[in-house]
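With TSV, C-alpha atoms and all ligand atoms inside, this is run_20.tsv:
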chain	number	residue	atom	x	y	z
J	207	MET	CA	-9.95	-14.20	11.92
J	208	GLY	CA	-8.55	-11.46	14.12
J	209	ILE	CA	-5.87	-8.85	13.58
J	210	THR	CA	-3.23	-10.88	15.40
J	211	GLU	CA	-3.71	-14.02	13.32
J	212	ASN	CA	-3.86	-11.98	10.12
J	213	ILE	CA	-0.52	-10.34	10.86
J	214	LEU	CA	1.10	-13.63	11.79
J	215	ASN	CA	-0.18	-15.20	8.58
J	216	ILE	CA	1.13	-12.39	6.40
J	217	ASN	CA	4.48	-12.41	8.18
J	218	ARG	CA	4.79	-16.13	7.50
J	219	SER	CA	4.34	-15.52	3.78
J	220	LEU	CA	6.76	-12.56	3.51
J	221	LYS	CA	9.69	-13.11	1.21
J	222	GLU	CA	13.13	-12.30	2.54
J	223	GLY	CA	13.87	-8.59	2.28
J	224	VAL	CA	10.21	-7.54	2.24
J	225	ARG	CA	8.71	-5.41	5.03
J	226	LEU	CA	5.06	-5.26	5.94
J	227	ILE	CA	3.53	-1.78	6.28
J	228	ALA	CA	0.19	-2.19	8.07
J	229	VAL	CA	-2.22	0.30	6.49
J	230	SER	CA	-4.31	1.52	9.40
J	231	LYS	CA	-6.30	4.35	7.76
J	232	THR	CA	-9.82	4.68	9.24
J	233	LYS	CA	-8.92	2.10	11.92
J	234	THR	CA	-8.98	2.90	15.62
J	235	LYS	CA	-6.09	3.24	18.05
J	236	GLU	CA	-7.26	0.04	19.75
J	237	GLU	CA	-7.04	-1.88	16.48
J	238	ILE	CA	-3.57	-0.46	15.86
J	239	MET	CA	-2.52	-1.48	19.38
J	240	GLU	CA	-3.59	-5.05	18.74
J	241	ALA	CA	-1.22	-5.14	15.77
J	242	TYR	CA	1.47	-3.41	17.85
J	243	ARG	CA	1.23	-6.04	20.55
J	244	CYS	CA	2.09	-8.76	18.07
J	245	GLY	CA	5.21	-6.88	17.06
J	246	GLN	CA	4.04	-4.73	14.17
J	247	ARG	CA	5.82	-1.35	14.21
J	248	ALA	CA	5.35	0.10	10.69
J	249	PHE	CA	1.95	1.65	9.95
J	250	GLY	CA	0.67	3.54	6.91
J	251	GLU	CA	-1.86	6.36	6.79
J	252	ASN	CA	-3.21	8.51	3.96
J	253	LYS	CA	-4.55	11.59	5.80
J	254	VAL	CA	-2.32	14.09	7.58
J	255	GLN	CA	-4.61	14.94	10.49
J	256	GLU	CA	-5.46	11.32	11.20
J	257	LEU	CA	-1.80	10.38	11.13
J	258	VAL	CA	-0.82	13.22	13.48
J	259	ASP	CA	-3.60	12.32	15.94
J	260	LYS	CA	-2.49	8.69	16.00
J	261	TYR	CA	1.17	9.64	16.32
J	262	ASN	CA	0.34	11.78	19.37
J	263	ALA	CA	-1.73	9.07	21.06
J	264	LEU	CA	0.29	5.93	20.35
J	265	PRO	CA	3.73	4.54	21.34
J	266	LYS	CA	6.64	6.53	20.04
J	267	ASP	CA	8.50	3.57	18.60
J	268	ILE	CA	5.90	3.25	15.83
J	269	GLU	CA	7.21	4.11	12.35
J	270	TRP	CA	4.60	6.20	10.53
J	271	HIS	CA	4.50	5.93	6.74
J	272	PHE	CA	2.55	8.46	4.70
J	273	ILE	CA	1.01	6.75	1.66
J	274	GLY	CA	-1.72	9.12	0.41
J	275	HIS	CA	-1.90	12.06	-1.94
J	276	LEU	CA	-0.22	14.96	-0.16
J	277	GLN	CA	-0.70	18.68	-0.71
J	278	GLY	CA	2.24	21.02	-0.22
J	279	ASN	CA	0.37	23.11	2.34
J	280	LYS	CA	-0.26	20.04	4.54
J	281	VAL	CA	3.33	18.90	4.83
J	282	ARG	CA	4.39	20.84	7.92
J	283	PRO	CA	2.87	18.72	10.72
J	284	LEU	CA	4.32	15.52	9.22
J	285	VAL	CA	7.97	16.39	8.85
J	286	PRO	CA	9.04	16.21	12.52
J	287	PHE	CA	8.33	12.49	12.78
J	288	VAL	CA	7.29	10.84	9.50
J	289	HIS	CA	9.39	7.76	8.79
J	290	LEU	CA	8.88	7.70	5.01
J	291	VAL	CA	6.68	9.62	2.58
J	292	HIS	CA	5.80	7.04	-0.10
J	293	SER	CA	3.73	9.32	-2.26
J	294	ILE	CA	5.88	12.08	-3.75
J	295	ASP	CA	3.98	12.59	-7.00
J	296	SER	CA	5.37	15.92	-8.25
J	297	PHE	CA	8.55	18.00	-8.22
J	298	LYS	CA	6.53	20.75	-6.57
J	299	LEU	CA	5.60	18.48	-3.66
J	300	LEU	CA	9.20	17.33	-3.25
J	301	LYS	CA	10.26	20.99	-3.02
J	302	SER	CA	7.59	21.64	-0.38
J	303	VAL	CA	8.80	18.70	1.69
J	304	ASN	CA	12.38	19.94	1.35
J	305	LYS	CA	11.39	23.42	2.48
J	306	GLU	CA	9.62	22.09	5.59
J	307	GLY	CA	12.51	19.74	6.36
J	308	LYS	CA	14.90	22.66	6.12
J	309	ARG	CA	12.81	24.70	8.57
J	310	ILE	CA	13.35	22.08	11.27
J	311	ASN	CA	16.73	20.84	10.05
J	312	ARG	CA	15.58	17.28	9.37
J	313	VAL	CA	16.22	15.31	6.17
J	314	ILE	CA	12.93	13.69	5.15
J	315	PRO	CA	13.00	10.19	3.62
J	316	CYS	CA	10.81	9.96	0.50
J	317	LEU	CA	9.83	7.65	-2.35
J	318	LEU	CA	8.86	8.76	-5.85
J	319	GLN	CA	5.40	7.57	-6.77
J	320	PHE	CA	5.09	6.34	-10.35
J	321	HIS	CA	1.97	6.17	-12.43
J	322	ILE	CA	1.89	2.53	-13.53
J	323	ALA	CA	-1.86	1.78	-13.57
J	324	ARG	CA	-4.17	2.01	-16.55
J	325	GLU	CA	-6.54	4.15	-14.53
J	326	GLU	CA	-6.38	7.85	-15.30
J	327	THR	CA	-6.93	8.91	-11.72
J	328	LYS	CA	-3.79	7.59	-10.08
J	329	PHE	CA	-1.16	10.18	-9.21
J	330	GLY	CA	2.51	9.91	-9.98
J	331	PHE	CA	5.50	10.50	-12.22
J	332	ASP	CA	6.20	8.96	-15.55
J	333	PRO	CA	9.83	7.99	-16.27
J	334	ASP	CA	10.65	11.01	-18.46
J	335	GLU	CA	9.39	13.40	-15.82
J	336	ALA	CA	11.41	11.68	-13.11
J	337	VAL	CA	14.58	11.74	-15.21
J	338	GLY	CA	14.01	15.42	-16.00
J	339	MET	CA	13.65	16.23	-12.33
J	340	LEU	CA	16.63	14.17	-11.16
J	341	SER	CA	18.85	15.77	-13.83
J	342	SER	CA	17.93	19.34	-12.90
J	343	PRO	CA	20.00	21.79	-10.84
J	344	ASP	CA	16.89	22.56	-8.78
J	345	TYR	CA	16.78	18.96	-7.64
J	346	ALA	CA	20.49	18.91	-6.83
J	347	ALA	CA	19.92	21.83	-4.46
J	348	LEU	CA	17.40	19.94	-2.28
J	349	ASP	CA	19.41	19.10	0.84
J	350	PHE	CA	16.53	18.19	3.14
J	351	ILE	CA	14.93	15.29	1.28
J	352	ARG	CA	16.44	11.90	0.55
J	353	LEU	CA	15.02	9.57	-2.07
J	354	HIS	CA	14.99	5.95	-0.92
J	355	GLY	CA	13.25	4.46	-3.94
J	356	VAL	CA	9.93	4.21	-5.72
J	357	MET	CA	6.28	3.43	-5.06
J	358	GLY	CA	3.39	2.43	-7.29
J	359	MET	CA	-0.14	1.06	-7.37
J	360	ALA	CA	-1.26	-1.46	-9.96
J	361	THR	CA	-4.57	-1.25	-11.78
J	362	PHE	CA	-7.53	-2.54	-9.77
J	363	THR	CA	-8.29	-5.59	-11.89
J	364	PRO	CA	-8.56	-9.37	-11.51
J	365	ASP	CA	-6.16	-9.71	-14.48
J	366	GLU	CA	-2.99	-10.97	-12.83
J	367	ILE	CA	-0.95	-10.68	-16.01
J	368	GLN	CA	-1.77	-6.98	-16.19
J	369	ILE	CA	-0.86	-6.49	-12.52
J	370	ARG	CA	2.42	-8.33	-12.91
J	371	ASN	CA	3.34	-6.31	-15.99
J	372	GLU	CA	2.77	-3.10	-14.06
J	373	PHE	CA	4.88	-4.26	-11.11
J	374	ARG	CA	7.60	-5.38	-13.51
J	375	MET	CA	7.50	-1.94	-15.12
J	376	LEU	CA	7.95	-0.25	-11.73
J	377	LYS	CA	10.92	-2.53	-10.98
J	378	GLN	CA	12.43	-1.52	-14.32
J	379	PHE	CA	11.94	2.18	-13.55
J	380	PHE	CA	13.66	1.60	-10.22
J	381	ASP	CA	16.58	-0.25	-11.83
J	382	GLY	CA	16.99	2.50	-14.44
J	383	LEU	CA	17.02	5.31	-11.86
J	384	LYS	CA	19.35	3.34	-9.61
J	385	ARG	CA	21.86	2.83	-12.41
J	386	ARG	CA	21.71	6.39	-13.67
J	387	PHE	CA	21.32	8.52	-10.54
J	388	PHE	CA	22.07	6.45	-7.42
J	389	PRO	CA	24.63	3.79	-8.40
J	390	ASP	CA	26.65	4.03	-5.18
J	391	LYS	CA	23.82	5.06	-2.84
J	392	ASP	CA	22.84	2.17	-0.57
J	393	PHE	CA	19.79	4.02	0.70
J	394	PHE	CA	18.16	4.01	-2.75
J	395	ARG	CA	16.79	0.49	-2.43
J	396	GLU	CA	13.04	0.51	-1.74
J	397	ILE	CA	10.25	-0.58	-4.05
J	398	SER	CA	6.91	-0.03	-2.33
J	399	MET	CA	4.36	-2.13	-4.19
J	400	GLY	CA	1.68	-4.63	-3.31
J	401	MET	CA	-1.58	-4.31	-1.34
J	402	SER	CA	-4.05	-6.82	0.11
J	403	GLY	CA	-5.14	-8.15	-3.26
J	404	ASP	CA	-1.80	-8.26	-5.03
J	405	TYR	CA	1.05	-8.49	-2.55
J	406	GLN	CA	2.07	-12.02	-3.59
J	407	PRO	CA	2.81	-11.11	-7.22
J	408	ALA	CA	4.35	-7.82	-6.01
J	409	MET	CA	6.86	-9.74	-3.88
J	410	GLU	CA	7.66	-12.03	-6.77
J	411	GLU	CA	8.34	-8.98	-8.95
J	412	GLY	CA	10.76	-7.39	-6.49
J	413	SER	CA	8.81	-5.45	-3.87
J	414	THR	CA	10.66	-4.48	-0.70
J	415	MET	CA	7.63	-3.00	1.10
J	416	ILE	CA	4.05	-4.18	0.90
J	417	ARG	CA	1.25	-1.89	2.08
J	418	VAL	CA	-1.53	-4.08	3.42
J	419	GLY	CA	-4.73	-2.83	5.06
J	420	SER	CA	-7.95	-4.79	4.67
J	421	LEU	CA	-6.28	-8.19	4.87
J	422	ILE	CA	-5.11	-7.26	8.38
J	423	PHE	CA	-7.87	-5.05	9.76
J	424	GLY	CA	-10.88	-6.14	7.67
J	425	GLU	CA	-12.84	-4.11	5.16
J	426	ARG	CA	-12.99	-0.34	5.55
J	427	HIS	CA	-16.38	1.32	5.64
V	1	LIG	C1	-5.49	1.95	1.33
V	1	LIG	C2	-4.15	1.80	0.67
V	1	LIG	C3	-3.46	0.58	0.73
V	1	LIG	C4	-4.00	-0.67	1.40
V	1	LIG	O1	-5.09	-1.18	0.68
V	1	LIG	P1	-5.71	-2.62	1.05
V	1	LIG	O2	-6.31	-3.07	-0.23
V	1	LIG	O3	-6.71	-2.39	2.13
V	1	LIG	O4	-4.59	-3.49	1.48
V	1	LIG	C5	-2.20	0.52	0.14
V	1	LIG	N1	-1.67	1.58	-0.48
V	1	LIG	C6	-2.30	2.76	-0.57
V	1	LIG	C7	-1.63	3.89	-1.26
V	1	LIG	C8	-3.57	2.91	0.01
V	1	LIG	O5	-4.20	4.08	-0.10
Could you quickly redo this structure as structure tokens?
Amino acid sequence: MGITENILNINRSLKEGVRLIAVSKTKTKEEIMEAYRCGQRAFGENKVQELVDKYNALPKDIEWHFIGHLQGNKVRPLVPFVHLVHSIDSFKLLKSVNKEGKRINRVIPCLLQFHIAREETKFGFDPDEAVGMLSSPDYAALDFIRLHGVMGMATFTPDEIQIRNEFRMLKQFFDGLKRRFFPDKDFFREISMGMSGDYQPAMEEGSTMIRVGSLIFGERH
């Protein structure tokens, strides 16, 4: 199957209120344009330089989502145009994004990445850390970032019960933060969870954004 059919198929299975982010890392501009021509406008990348190159070359009504681990010293080229940074995994990084947003007077939309997987290697906050940050005066002083919600990646496993439990946990973190820190903030509403192998259970557990790559573009090499 081709990119066009894959996108149409996924769109047909989207639950109401869920957006598809097409993860185009390692894929060419031509492949991205095929998805664009069937109406796809939100794309996700995990490397700064690759994202900037694609932004420069491709139509300007594309929404670029940054989904990879980000270093503070790489933030600058992203902030003028990035639609949403999904992968804020430390207070330090959030401060770097704020500083770069302030330089150009743009408020940068961000998600807090939570560590929900069993694997040791995945980046992200745990709930206590997030609560500590959100309660701190240093956080209150950040005027050039806006938190729109949370993001997480489940363990890479065929065990669907495990995956569902992790997604459910992320939904609970979201609900807890919403109640405590953002009760009247409509913009705090996103739960970015679900990839090619697990987007169906993610949607059932409350995802609002699925990040799907290989199911659209084929395997990456
Ligand atoms: C690569 C990547 C995806 C997409 O993975 P697929 O399994 O190809 O759908 C989603 N989220 C993140 C953070 C990624 O790095």
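As for CA of Gly245 (chain J) and atom O5 of ligand LIG 1 (chain V), they are spaced 22.4 Å apart.
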Give me, as a PyMOL selection string, the set of residues whose atoms come within 6 Å of any atom of ligand LIG 1 (chain V), counting all atoms listed in the file.
chain J and resi 229+273-274+401-402+417-420
What separation in Å, quoted to one decimal, exists between CA of Ser230 (chain J) and CA of Ile397 (chain J)?
19.9 Å
Find the residues around Gln406 (chain J) up to 9 Å (only C-alpha atoms counted), leave out those fewer than 5 positions away in its own chain, and share them as a PyMOL selection string.
chain J and resi 219-220+400-401+411
Point-to-point distance from CA of Ser293 (chain J) to CA of Cys316 (chain J), Å rounded to tenths:
7.6 Å
Considering only C-alpha atoms, return as a PyMOL selection string whatever protein or nucleic-acid residues lie within 9 Å of Ile322 (chain J), sequence-local ones (same chain, fewer than 6 positions apart) excluded.
chain J and resi 328+330-332+358-361+372-373+375-376
Will you give me region 225-250 of chain J, written with C-alpha atoms and laid out as a compact mmCIF listing (two decimals), in the first residue's frame?
# COMPACT_ATOMS: atom_id res chain seq x y z
CA ARG J 225 -5.41 14.21 15.55
CA LEU J 226 -2.93 12.33 13.42
CA ILE J 227 0.68 13.57 13.54
CA ALA J 228 2.51 11.97 10.60
CA VAL J 229 6.02 11.13 11.81
CA SER J 230 8.21 11.84 8.80
CA LYS J 231 11.71 11.46 10.31
CA THR J 232 14.22 10.05 7.79
CA LYS J 233 11.59 10.36 5.03
CA THR J 234 12.09 12.52 1.95
CA LYS J 235 10.36 15.75 0.99
CA GLU J 236 8.67 13.87 -1.86
CA GLU J 237 7.20 11.36 0.56
CA ILE J 238 6.00 14.18 2.81
CA MET J 239 4.42 15.90 -0.20
CA GLU J 240 2.45 12.79 -1.05
CA ALA J 241 0.94 12.89 2.43
CA TYR J 242 0.40 16.66 2.09
CA ARG J 243 -1.52 16.20 -1.13
CA CYS J 244 -4.05 13.99 0.61
CA GLY J 245 -4.65 16.67 3.20
CA GLN J 246 -2.15 15.83 5.93
CA ARG J 247 -0.79 19.02 7.52
CA ALA J 248 0.74 17.93 10.86
CA PHE J 249 4.17 16.28 10.69
CA GLY J 250 6.54 15.15 13.44
